[in-house]
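Take a look at the structure below.
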Amino acid sequence: MNYHILTLFPEMVLDGLNTSIIGRAVDKGLLSIEAVNIRDYTKEKHGHVDDAPYGGGAGMVMQAAPVCDAYEDLCRKIGKRPRVLYMTPQGRVFNQKIAEELSSEEDLVFLCGHYEGIDERALERIVTDYLSIGDYVLTGGELPAMVMIDCISRLVPGVLNNDDSAEIESFHDNLLEYPQYTRPEVYEGMRVPEVLLSGHHKNIETWRRQQSIKRTLERRPDLLAEANLTKREQQYLEELRREQKKELAISEEL
Ligand code: ADE
């Protein structure tokens, strides 16, 4: 996977992504991360890349030409025209499914805006996907690009040490991950669940699935509609729901 980030702050994204697991994957040649400085494509004497909005209003707008020229130069260099993801709170909200879809691309361009945004004509010309990381407004697109790159990268084969750890974690199958424990067996009087010490793999697997279902019901019940449960697991979920209702009735009586 080759990422190309069009930004006014190349050091911000490169510093953030060249560490830890993503940094190691870059060293291994599984990923490449290139930051293109949009400012390098200005034709103005003072290096300006922004100007006041037509029609008035607060703030500055990034000009179309340096953004489009940066993209066209990139396309010339790599000999293809990859998808351009524009980071904006007006976009589709990024999720695991979108990450999975994007992880099959060979090249991705992340376009990061600043100030009051980018001249609409540049967006019309080059953007293929408008993506947000949530319903809040940040000062620029760099952090959203880093979030998405981190998430997509861990789906690229070989990036995670353990090949199946990307598979079983939260959101695979629309269930949250089960709780994890490590040494010591007792911490401040709290014991590790007995089943995990039993060495009985089938029981451990059942317990983990049940914990995932329980946790999803408690924390993200909206996900359960899309979860793939066996008949047995559906019965378990119904039991949990009945218990939940009973507890609610008791607390309302008090
Ligand atoms: N730029 C500013 N806020 C954003 C958000 N929430 N998601 C993506 N890009 C943004």
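How things are named: the first chain in the structure tokens is A, the next is B, and so on; residues count from 1 in each chain; ligands count from 1 in the order shown.
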Residues of chain A within 7 Å of ligand 1: nearest atom pair and distance (Å, one decimal) for each, counting only C-alpha atoms and all ligand atoms, sorted by chain and number, as a tab-separated table?
residue	atom	partner	partner_atom_place_in_ligand_line	distance
A:Met87	CA	ligand 1	9 (N)	3.8
A:Thr88	CA	ligand 1	9 (N)	3.5
A:Pro89	CA	ligand 1	5 (C)	4.0
A:Leu131	CA	ligand 1	8 (C)	6.0
A:Ser132	CA	ligand 1	7 (N)	3.5
A:Ile133	CA	ligand 1	7 (N)	4.1
A:Gly134	CA	ligand 1	6 (N)	4.7
A:Asp135	CA	ligand 1	6 (N)	5.6
A:Tyr136	CA	ligand 1	6 (N)	4.8
A:Val137	CA	ligand 1	3 (N)	3.8
A:Leu138	CA	ligand 1	3 (N)	3.8
A:Thr139	CA	ligand 1	2 (C)	5.6
A:Gly140	CA	ligand 1	1 (N)	4.9
A:Gly141	CA	ligand 1	1 (N)	4.5
A:Pro144	CA	ligand 1	8 (C)	5.1
Could you save those same residues with N, CA, C and O atoms as a short mmCIF file (atom, residue, chain, number, x, y, z; two decimals), in the first residue's frame?
data_model
loop_
_atom_site.label_atom_id
_atom_site.label_comp_id
_atom_site.auth_asym_id
_atom_site.auth_seq_id
_atom_site.Cartn_x
_atom_site.Cartn_y
_atom_site.Cartn_z
N MET A 87 -10.46 14.80 3.48
CA MET A 87 -10.80 14.75 4.90
C MET A 87 -11.70 15.93 5.24
O MET A 87 -11.26 17.09 5.19
N THR A 88 -12.95 15.65 5.56
CA THR A 88 -13.90 16.74 5.84
C THR A 88 -15.02 16.26 6.76
O THR A 88 -15.50 15.12 6.61
N PRO A 89 -15.45 17.11 7.71
CA PRO A 89 -16.58 16.70 8.56
C PRO A 89 -17.87 16.54 7.76
O PRO A 89 -18.86 16.03 8.27
N LEU A 131 -14.59 11.96 3.24
CA LEU A 131 -14.62 11.13 4.45
C LEU A 131 -14.40 11.96 5.71
O LEU A 131 -13.57 12.87 5.73
N SER A 132 -15.14 11.59 6.76
CA SER A 132 -15.05 12.26 8.06
C SER A 132 -14.65 11.23 9.11
O SER A 132 -14.86 10.04 8.91
N ILE A 133 -14.07 11.68 10.24
CA ILE A 133 -13.83 10.71 11.32
C ILE A 133 -14.84 10.88 12.45
O ILE A 133 -14.73 10.22 13.48
N GLY A 134 -15.82 11.73 12.27
CA GLY A 134 -16.85 11.86 13.31
C GLY A 134 -17.45 13.25 13.30
O GLY A 134 -16.92 14.16 12.65
N ASP A 135 -18.54 13.39 14.03
CA ASP A 135 -19.29 14.65 13.99
C ASP A 135 -18.71 15.68 14.95
O ASP A 135 -19.34 16.02 15.97
N TYR A 136 -17.53 16.13 14.65
CA TYR A 136 -16.88 17.22 15.37
C TYR A 136 -15.91 17.86 14.40
O TYR A 136 -15.53 17.25 13.40
N VAL A 137 -15.51 19.09 14.69
CA VAL A 137 -14.70 19.82 13.71
C VAL A 137 -13.28 20.01 14.24
O VAL A 137 -13.07 20.51 15.35
N LEU A 138 -12.31 19.57 13.44
CA LEU A 138 -10.89 19.72 13.79
C LEU A 138 -10.30 20.89 13.01
O LEU A 138 -10.94 21.45 12.13
N THR A 139 -9.04 21.23 13.33
CA THR A 139 -8.43 22.38 12.64
C THR A 139 -7.89 22.01 11.26
O THR A 139 -7.57 22.88 10.47
N GLY A 140 -7.75 20.72 10.98
CA GLY A 140 -7.23 20.33 9.67
C GLY A 140 -7.45 18.86 9.42
O GLY A 140 -7.91 18.12 10.30
N GLY A 141 -7.09 18.41 8.23
CA GLY A 141 -7.34 17.01 7.85
C GLY A 141 -6.22 16.05 8.20
O GLY A 141 -6.33 14.85 7.93
N PRO A 144 -7.30 13.29 10.94
CA PRO A 144 -8.16 12.28 10.30
C PRO A 144 -7.40 11.38 9.32
O PRO A 144 -7.60 10.16 9.31
#
- Message: Using only C-alpha atoms, which protein or nucleic acid residues come within 12 Å of Val26 (chain A)? Drop anything in the same chain fewer than 6 positions from it, and give the result as a list in words.
- Response: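 Answer for this query is Met1, Asn2, Tyr3, Leu14, Leu17, Asn18, Thr19, Ser20, Ser32, Ile33, Glu34, Asp150, Ser153, Arg154, Val156, Gly158 and Val159 of chain A.
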Take the residues from that selection and put them in a file with N, CA and C atoms, as a PDB file, in the first residue's frame.
ATOM      1  N   MET A   1       0.845  -1.192   0.000  1.00  0.00           N
ATOM      2  CA  MET A   1       0.000   0.000   0.000  1.00  0.00           C
ATOM      3  C   MET A   1       0.886   1.249   0.000  1.00  0.00           C
ATOM      4  N   ASN A   2       0.586   2.150  -0.916  1.00  0.00           N
ATOM      5  CA  ASN A   2       1.333   3.404  -0.984  1.00  0.00           C
ATOM      6  C   ASN A   2       0.394   4.564  -0.660  1.00  0.00           C
ATOM      7  N   TYR A   3       0.716   5.276   0.406  1.00  0.00           N
ATOM      8  CA  TYR A   3      -0.080   6.446   0.791  1.00  0.00           C
ATOM      9  C   TYR A   3       0.614   7.710   0.305  1.00  0.00           C
ATOM     10  N   LEU A  14       4.266  12.781   8.916  1.00  0.00           N
ATOM     11  CA  LEU A  14       5.400  11.844   8.856  1.00  0.00           C
ATOM     12  C   LEU A  14       5.881  11.482  10.257  1.00  0.00           C
ATOM     13  N   LEU A  17       3.397   9.029  11.833  1.00  0.00           N
ATOM     14  CA  LEU A  17       3.192   7.693  11.243  1.00  0.00           C
ATOM     15  C   LEU A  17       4.460   6.859  11.163  1.00  0.00           C
ATOM     16  N   ASN A  18       5.613   7.488  11.358  1.00  0.00           N
ATOM     17  CA  ASN A  18       6.847   6.702  11.214  1.00  0.00           C
ATOM     18  C   ASN A  18       7.298   6.061  12.518  1.00  0.00           C
ATOM     19  N   THR A  19       6.369   5.811  13.412  1.00  0.00           N
ATOM     20  CA  THR A  19       6.713   5.174  14.682  1.00  0.00           C
ATOM     21  C   THR A  19       5.932   3.870  14.832  1.00  0.00           C
ATOM     22  N   SER A  20       6.324   3.087  15.809  1.00  0.00           N
ATOM     23  CA  SER A  20       5.588   1.886  16.215  1.00  0.00           C
ATOM     24  C   SER A  20       5.292   0.931  15.049  1.00  0.00           C
ATOM     25  N   SER A  32       4.311   2.388   2.042  1.00  0.00           N
ATOM     26  CA  SER A  32       5.142   3.579   1.873  1.00  0.00           C
ATOM     27  C   SER A  32       4.258   4.788   2.162  1.00  0.00           C
ATOM     28  N   ILE A  33       4.856   5.766   2.834  1.00  0.00           N
ATOM     29  CA  ILE A  33       4.102   6.970   3.201  1.00  0.00           C
ATOM     30  C   ILE A  33       4.875   8.176   2.689  1.00  0.00           C
ATOM     31  N   GLU A  34       4.241   8.902   1.788  1.00  0.00           N
ATOM     32  CA  GLU A  34       4.895  10.065   1.208  1.00  0.00           C
ATOM     33  C   GLU A  34       4.023  11.273   1.512  1.00  0.00           C
ATOM     34  N   ASP A 150      -3.698   4.603   9.867  1.00  0.00           N
ATOM     35  CA  ASP A 150      -3.402   3.612  10.909  1.00  0.00           C
ATOM     36  C   ASP A 150      -4.373   2.430  10.795  1.00  0.00           C
ATOM     37  N   SER A 153      -3.892   0.381   7.520  1.00  0.00           N
ATOM     38  CA  SER A 153      -2.604  -0.316   7.461  1.00  0.00           C
ATOM     39  C   SER A 153      -2.611  -1.632   8.218  1.00  0.00           C
ATOM     40  N   ARG A 154      -3.330  -1.677   9.342  1.00  0.00           N
ATOM     41  CA  ARG A 154      -3.320  -2.914  10.113  1.00  0.00           C
ATOM     42  C   ARG A 154      -4.087  -4.029   9.408  1.00  0.00           C
ATOM     43  N   VAL A 156      -3.471  -4.537   6.142  1.00  0.00           N
ATOM     44  CA  VAL A 156      -2.572  -4.945   5.052  1.00  0.00           C
ATOM     45  C   VAL A 156      -1.789  -6.173   5.520  1.00  0.00           C
ATOM     46  N   GLY A 158       0.655  -8.815   6.758  1.00  0.00           N
ATOM     47  CA  GLY A 158       2.030  -8.737   7.238  1.00  0.00           C
ATOM     48  C   GLY A 158       2.302  -7.575   8.174  1.00  0.00           C
ATOM     49  N   VAL A 159       1.369  -6.599   8.234  1.00  0.00           N
ATOM     50  CA  VAL A 159       1.625  -5.416   9.079  1.00  0.00           C
ATOM     51  C   VAL A 159       1.544  -5.776  10.565  1.00  0.00           C
TER      52      VAL A 159
END
- Task: Name the residues of region 125-246 of chain A that fall into alpha helix (DSSP H) according to DSSP on the backbone, using the chain letters and numbers of this document, as an MDAnalysis selection string.
- Result: chainID A and resid 125:126 142:153 165:168 201:219 231:246
- Query: Tell me, which residues of region 121-248 of chain A carry DSSP strand (DSSP E or B), written as number ranges by chain?
  - Reply: A: 129-132, 186-187, 190-191
Residues just named, written with C-alpha atoms as a compact mmCIF listing (two decimals), in the first residue's frame:
# COMPACT_ATOMS: atom_id res chain seq x y z
CA ASP A 129 -14.37 10.22 -1.68
CA TYR A 130 -15.43 12.65 1.05
CA LEU A 131 -14.62 11.13 4.45
CA SER A 132 -15.05 12.26 8.06
CA VAL A 186 -4.42 -12.34 41.06
CA TYR A 187 -4.05 -8.56 40.98
CA MET A 190 -9.03 -9.67 41.46
CA ARG A 191 -8.72 -13.10 39.85
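Shortest atom-to-atom contact with Thr7 (chain A) among A:Ala25, A:Met146, A:Leu31, A:Leu102: A:Met146, counting only C-alpha atoms.
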With a distance cut-off of 7 Å and only C-alpha atoms, select the neighbouring residues of Val36 (chain A), excluding the residue or stretch itself and same-chain residues fewer than 2 positions from it, and output the selection as a PDB file with N, CA, C and O atoms, in the first residue's frame.
ATOM      1  N   HIS A   4      -0.156   8.643  -0.223  1.00  0.00           N
ATOM      2  CA  HIS A   4       0.363   9.946  -0.640  1.00  0.00           C
ATOM      3  C   HIS A   4      -0.499  10.987   0.061  1.00  0.00           C
ATOM      4  O   HIS A   4      -1.718  11.017  -0.166  1.00  0.00           O
ATOM      5  N   ILE A   5       0.113  11.774   0.918  1.00  0.00           N
ATOM      6  CA  ILE A   5      -0.675  12.725   1.703  1.00  0.00           C
ATOM      7  C   ILE A   5      -0.392  14.147   1.209  1.00  0.00           C
ATOM      8  O   ILE A   5       0.749  14.609   1.267  1.00  0.00           O
ATOM      9  N   LEU A   6      -1.420  14.793   0.693  1.00  0.00           N
ATOM     10  CA  LEU A   6      -1.270  16.179   0.242  1.00  0.00           C
ATOM     11  C   LEU A   6      -1.616  17.077   1.429  1.00  0.00           C
ATOM     12  O   LEU A   6      -2.747  17.056   1.926  1.00  0.00           O
ATOM     13  N   THR A   7      -0.639  17.849   1.875  1.00  0.00           N
ATOM     14  CA  THR A   7      -0.788  18.590   3.137  1.00  0.00           C
ATOM     15  C   THR A   7       0.085  19.835   3.159  1.00  0.00           C
ATOM     16  O   THR A   7       1.059  19.919   2.406  1.00  0.00           O
ATOM     17  N   PRO A  10       3.704  18.532   6.234  1.00  0.00           N
ATOM     18  CA  PRO A  10       4.247  17.180   6.005  1.00  0.00           C
ATOM     19  C   PRO A  10       4.882  16.575   7.246  1.00  0.00           C
ATOM     20  O   PRO A  10       4.695  15.372   7.519  1.00  0.00           O
ATOM     21  N   GLU A  34       4.241   8.902   1.788  1.00  0.00           N
ATOM     22  CA  GLU A  34       4.895  10.065   1.208  1.00  0.00           C
ATOM     23  C   GLU A  34       4.023  11.273   1.512  1.00  0.00           C
ATOM     24  O   GLU A  34       2.800  11.222   1.327  1.00  0.00           O
ATOM     25  N   ILE A  38       1.862  20.850  -0.287  1.00  0.00           N
ATOM     26  CA  ILE A  38       1.056  21.617  -1.264  1.00  0.00           C
ATOM     27  C   ILE A  38       1.721  22.974  -1.540  1.00  0.00           C
ATOM     28  O   ILE A  38       1.663  23.488  -2.648  1.00  0.00           O
TER      29      ILE A  38
END
- Message: Which residues are close to Ala99 (chain A), i.e. within 12 Å by only C-alpha atoms, leaving aside same-chain residues fewer than 2 positions away? Reply as an MDAnalysis selection string.
- Response: chainID A and resid 93:97 101:105 108 131 133 145 147:156 171:172
- Task: May I ask for the distance between CA of Arg39 (chain A) and CA of Asp15 (chain A), given in Å to one decimal place?
- Result: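 We find that CA of Arg39 (chain A) and CA of Asp15 (chain A) lie 18.6 Å from each other.
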Quick one: everything within 10 Å of Thr128 (chain A), counting only C-alpha atoms, minus sequence neighbours fewer than 3 positions away in the same chain. Send it as an mmCIF file with all heavy atoms, in the first residue's frame.
data_model
loop_
_atom_site.group_PDB
_atom_site.id
_atom_site.type_symbol
_atom_site.label_atom_id
_atom_site.label_comp_id
_atom_site.auth_asym_id
_atom_site.auth_seq_id
_atom_site.Cartn_x
_atom_site.Cartn_y
_atom_site.Cartn_z
ATOM 1 N N PRO A 82 -4.707 7.644 -8.639
ATOM 2 C CA PRO A 82 -5.367 6.963 -7.511
ATOM 3 C C PRO A 82 -6.570 7.744 -6.973
ATOM 4 O O PRO A 82 -6.740 8.920 -7.264
ATOM 5 C CB PRO A 82 -4.272 6.889 -6.442
ATOM 6 C CG PRO A 82 -3.111 7.644 -6.932
ATOM 7 C CD PRO A 82 -3.398 8.184 -8.282
ATOM 8 N N ARG A 83 -7.382 7.031 -6.179
ATOM 9 C CA ARG A 83 -8.512 7.670 -5.492
ATOM 10 C C ARG A 83 -8.001 8.788 -4.596
ATOM 11 O O ARG A 83 -6.942 8.650 -3.973
ATOM 12 C CB ARG A 83 -9.229 6.640 -4.617
ATOM 13 C CG ARG A 83 -10.270 5.867 -5.382
ATOM 14 C CD ARG A 83 -10.677 4.641 -4.630
ATOM 15 N NE ARG A 83 -11.711 4.893 -3.636
ATOM 16 C CZ ARG A 83 -12.383 3.904 -3.029
ATOM 17 N NH1 ARG A 83 -12.102 2.645 -3.312
ATOM 18 N NH2 ARG A 83 -13.311 4.174 -2.135
ATOM 19 N N VAL A 84 -8.771 9.854 -4.507
ATOM 20 C CA VAL A 84 -8.404 10.982 -3.633
ATOM 21 C C VAL A 84 -9.446 11.090 -2.527
ATOM 22 O O VAL A 84 -10.629 11.329 -2.785
ATOM 23 C CB VAL A 84 -8.340 12.309 -4.420
ATOM 24 C CG1 VAL A 84 -8.026 13.468 -3.476
ATOM 25 C CG2 VAL A 84 -7.297 12.226 -5.528
ATOM 26 N N LEU A 85 -8.998 10.891 -1.290
ATOM 27 C CA LEU A 85 -9.890 10.961 -0.139
ATOM 28 C C LEU A 85 -9.731 12.338 0.503
ATOM 29 O O LEU A 85 -8.637 12.682 0.968
ATOM 30 C CB LEU A 85 -9.528 9.878 0.884
ATOM 31 C CG LEU A 85 -9.153 8.492 0.335
ATOM 32 C CD1 LEU A 85 -8.802 7.536 1.472
ATOM 33 C CD2 LEU A 85 -10.305 7.921 -0.496
ATOM 34 N N TYR A 86 -10.807 13.104 0.504
ATOM 35 C CA TYR A 86 -10.762 14.432 1.114
ATOM 36 C C TYR A 86 -11.281 14.349 2.541
ATOM 37 O O TYR A 86 -12.393 13.850 2.792
ATOM 38 C CB TYR A 86 -11.599 15.415 0.289
ATOM 39 C CG TYR A 86 -11.639 16.814 0.860
ATOM 40 C CD1 TYR A 86 -10.475 17.458 1.305
ATOM 41 C CD2 TYR A 86 -12.843 17.514 0.959
ATOM 42 C CE1 TYR A 86 -10.509 18.739 1.828
ATOM 43 C CE2 TYR A 86 -12.884 18.803 1.474
ATOM 44 C CZ TYR A 86 -11.716 19.413 1.912
ATOM 45 O OH TYR A 86 -11.753 20.679 2.432
ATOM 46 N N VAL A 109 -4.599 8.576 -2.085
ATOM 47 C CA VAL A 109 -4.204 9.965 -1.835
ATOM 48 C C VAL A 109 -5.118 10.528 -0.752
ATOM 49 O O VAL A 109 -6.348 10.402 -0.849
ATOM 50 C CB VAL A 109 -4.320 10.812 -3.121
ATOM 51 C CG1 VAL A 109 -4.023 12.278 -2.832
ATOM 52 C CG2 VAL A 109 -3.384 10.278 -4.200
ATOM 53 N N LEU A 123 -11.860 20.512 -5.488
ATOM 54 C CA LEU A 123 -12.533 19.308 -4.980
ATOM 55 C C LEU A 123 -13.308 18.622 -6.102
ATOM 56 O O LEU A 123 -13.231 17.405 -6.280
ATOM 57 C CB LEU A 123 -13.459 19.656 -3.814
ATOM 58 C CG LEU A 123 -12.804 20.412 -2.641
ATOM 59 C CD1 LEU A 123 -13.832 20.702 -1.560
ATOM 60 C CD2 LEU A 123 -11.644 19.603 -2.055
ATOM 61 N N GLU A 124 -14.042 19.426 -6.872
ATOM 62 C CA GLU A 124 -14.818 18.865 -7.991
ATOM 63 C C GLU A 124 -13.915 18.146 -8.983
ATOM 64 O O GLU A 124 -14.278 17.134 -9.549
ATOM 65 C CB GLU A 124 -15.564 19.979 -8.726
ATOM 66 C CG GLU A 124 -16.868 20.349 -8.071
ATOM 67 C CD GLU A 124 -17.517 21.562 -8.719
ATOM 68 O OE1 GLU A 124 -17.137 21.923 -9.850
ATOM 69 O OE2 GLU A 124 -18.383 22.157 -8.054
ATOM 70 N N ARG A 125 -12.727 18.697 -9.168
ATOM 71 C CA ARG A 125 -11.838 18.130 -10.187
ATOM 72 C C ARG A 125 -11.169 16.831 -9.741
ATOM 73 O O ARG A 125 -11.057 15.907 -10.525
ATOM 74 C CB ARG A 125 -10.779 19.165 -10.569
ATOM 75 C CG ARG A 125 -9.779 18.627 -11.554
ATOM 76 C CD ARG A 125 -9.143 19.666 -12.394
ATOM 77 N NE ARG A 125 -10.053 20.250 -13.363
ATOM 78 C CZ ARG A 125 -9.689 21.153 -14.273
ATOM 79 N NH1 ARG A 125 -8.453 21.562 -14.327
ATOM 80 N NH2 ARG A 125 -10.563 21.640 -15.111
ATOM 81 N N LEU A 131 -14.590 11.958 3.242
ATOM 82 C CA LEU A 131 -14.622 11.130 4.451
ATOM 83 C C LEU A 131 -14.398 11.959 5.714
ATOM 84 O O LEU A 131 -13.566 12.871 5.734
ATOM 85 C CB LEU A 131 -13.542 10.047 4.379
ATOM 86 C CG LEU A 131 -13.754 8.916 3.366
ATOM 87 C CD1 LEU A 131 -12.539 7.994 3.338
ATOM 88 C CD2 LEU A 131 -15.009 8.114 3.723
#
Taking 6 positions as the minimum chain separation for residues in the same chain, which residues sit within 12 Å of Gln180 (chain A) when counting only C-alpha atoms? Answer as a compact mmCIF listing (two decimals) with N, CA, C and O atoms, in the first residue's frame.
# COMPACT_ATOMS: atom_id res chain seq x y z
N GLU A 169 -10.42 -9.06 16.34
CA GLU A 169 -10.64 -7.90 17.20
C GLU A 169 -12.00 -7.23 17.01
O GLU A 169 -12.78 -7.63 16.19
N VAL A 192 -8.11 -13.70 37.62
CA VAL A 192 -8.36 -13.95 36.19
C VAL A 192 -9.48 -15.00 36.10
O VAL A 192 -9.47 -15.96 36.89
N PRO A 193 -10.46 -14.83 35.21
CA PRO A 193 -11.53 -15.83 35.09
C PRO A 193 -10.96 -17.25 34.95
O PRO A 193 -10.05 -17.48 34.15
N LEU A 196 -10.03 -19.32 31.70
CA LEU A 196 -8.84 -18.97 30.90
C LEU A 196 -7.59 -19.71 31.37
O LEU A 196 -6.60 -19.80 30.66
N ILE A 204 -12.88 -22.08 26.34
CA ILE A 204 -12.34 -20.71 26.28
C ILE A 204 -12.98 -19.96 25.11
O ILE A 204 -13.42 -18.82 25.24
N TRP A 207 -16.57 -19.10 25.98
CA TRP A 207 -16.59 -18.01 26.96
C TRP A 207 -16.28 -16.66 26.29
O TRP A 207 -16.95 -15.66 26.52
N ARG A 208 -15.30 -16.66 25.41
CA ARG A 208 -14.91 -15.40 24.74
C ARG A 208 -16.03 -14.89 23.84
O ARG A 208 -16.32 -13.70 23.83
N GLN A 211 -18.63 -13.40 26.09
CA GLN A 211 -18.19 -12.10 26.61
C GLN A 211 -18.33 -11.02 25.54
O GLN A 211 -18.71 -9.88 25.83
N SER A 212 -18.00 -11.36 24.30
CA SER A 212 -18.13 -10.40 23.20
C SER A 212 -19.59 -9.98 23.03
O SER A 212 -19.89 -8.80 22.87
- Item | Residues near Leu240 (chain A), cut-off 10 Å, only C-alpha atoms, skip fewer than 3 positions along chain, as a PyMOL selection string | chain A and resi 213-214+217-218+234-237+243-246
- Could you tell me how far CA of Arg209 (chain A) lies from CA of Pro179 (chain A), in Å and to one decimal?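 Atom-to-atom, CA of Arg209 (chain A) and CA of Pro179 (chain A) are spaced 10.4 Å apart.
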